[in-house]
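Have a look at the structure below, then the notes.
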Amino acid sequence: MAAPTRGTVLVTGASGYLGQFVIEDLAAAGYKVGGIYRTGKPLQFDGDVRTFRADLGSGEGLGECLDTLGPLTAVVNCAAMAAPAAVEADPEGGRAVNVPAALLDALERHAQQTGSQPFLVHISTDHVYDGSSGPFYKEEAELLPVNTYGKQKVEGERLVSARWLRHCILRPSIIYGPPPRHPIRRGLFLQFIDSSLAAGKPTTFFSDEWRTPTYVADLVAAIRLLVERGEAALPAGSRRVFNVGGPQRINRVDMALAVAQARGHDPKLVLPGSAASVPRTCATPEDISMDCSKLEQELGLKLTPLAQALQQVFSSG
């Protein structure tokens, strides 16, 4: 007889980088998982996982997905159009995904039909901060994003907060880690650094934009904790918003040099450059490094230093 599942979790953005790791982690923990993807072939994962093609902008396919899965324990909304330049070029397309109105509509209908009130973990971004009053933004900082992507993610946060009581919002930075099971369309910054330096290619990295990069394993651990415990994971009076970055404020040169050290590449191949000197189609915040102490204090999670994370990533590859 098969072991009973711990509950059913819906994960959006199943074909994306974060979504794949979340699905694998939850399935390994004994959850039945439904994954939503929009384009491409159906994805295969180990465990009790079923994927569904659905459009989070129009809502097409969401009802069928929810009807098939039945009552839900949790929903993890990883879906996003996360490239600021792409959102700037197609703001309506970006808003359809980044502001999850259709998903909330579907969850509300599902609740009426089944009584299911799943805990919603909504993935936001550090781009909600403006970058001019850092370093180390706290969650309660005023949100004044400088580009359309950031503005849409703020709107998405507010919509989730207004329409779904059982929720928590996580704000990651640049997410890095090992390659996912299934290739993704968007390039992986960590692997780009490694491949460029391994080829002996001098490569320029920005030295004037500051972030607190997010190790994917840390973010997945935070999501799992919230899926498992829901409100019980949150202290009384919590604002239900957490920064989820790394413990270090670094720029892309720092990150490239850390990869060079971890992999034995020549650090002289890492060339500093200015983001301000590169033409761009949208504004980019200068310093959106985050203070993530609230996550560690309230959820009891320990964030992984970059050097330790790189050791884990490359030793597993």
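By convention in this document, the chains of the structure tokens carry letters A, B, ... by their order, each chain's residues are numbered from 1, and ligands are numbered from 1 in the order they are shown.
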Residues within 12 Å of Ser132 of chain A, only C-alpha atoms, excluding chain neighbours under 5 positions, as number ranges by chain: A: 127, 137, 141-146, 209-210, 284-289
Would you output that residue set with C-alpha atoms, as an mmCIF file, in the first residue's frame?
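Final output, saved to part17.cif:
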data_model
loop_
_atom_site.group_PDB
_atom_site.id
_atom_site.type_symbol
_atom_site.label_atom_id
_atom_site.label_comp_id
_atom_site.auth_asym_id
_atom_site.auth_seq_id
_atom_site.Cartn_x
_atom_site.Cartn_y
_atom_site.Cartn_z
ATOM 1 C CA HIS A 127 13.069 45.072 -7.302
ATOM 2 C CA TYR A 137 16.471 47.399 2.986
ATOM 3 C CA ALA A 141 10.760 50.201 3.767
ATOM 4 C CA GLU A 142 8.650 52.349 1.476
ATOM 5 C CA LEU A 143 8.210 50.625 -1.888
ATOM 6 C CA LEU A 144 9.193 52.979 -4.720
ATOM 7 C CA PRO A 145 10.328 50.712 -7.582
ATOM 8 C CA VAL A 146 12.148 52.328 -10.484
ATOM 9 C CA GLU A 209 25.068 47.352 -8.569
ATOM 10 C CA TRP A 210 24.648 45.754 -5.151
ATOM 11 C CA THR A 284 17.795 49.393 -12.830
ATOM 12 C CA PRO A 285 18.175 50.030 -9.092
ATOM 13 C CA GLU A 286 21.719 50.603 -7.847
ATOM 14 C CA ASP A 287 21.681 49.094 -4.358
ATOM 15 C CA ILE A 288 18.753 46.865 -3.382
ATOM 16 C CA SER A 289 20.695 44.775 -0.885
#
Members of segment 229-301 of chain A assigned alpha helix (DSSP H) by DSSP, as a list in words: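 Across segment 229-301 of chain A, those assigned alpha helix (DSSP H) are Arg229, Arg252, Val253, Asp254, Met255, Ala256, Leu257, Ala258, Val259, Ala260, Gln261, Ala262, Arg263, Ser293, Lys294, Leu295, Glu296, Gln297, Glu298 and Leu299 of chain A.
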Segment 163-171 of chain A environment, 6 Å, only C-alpha atoms, sequence neighbours closer than 2 positions dropped, as a ChimeraX atom specification: /A:119-126,160-161,240-244
Residue among A:Ser238, A:Ser195, A:Ser274, A:Thr12 lying closest to Lys294 of chain A, counting only C-alpha atoms: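 Under the stated criterion, the closest residue is A:Ser238.
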Non-local contacts of Pro71 of chain A (12 Å; only C-alpha atoms; under 4 positions in same chain excluded) as a ChimeraX atom specification: /A:7-10,32-34,65-67,75,107,109-119
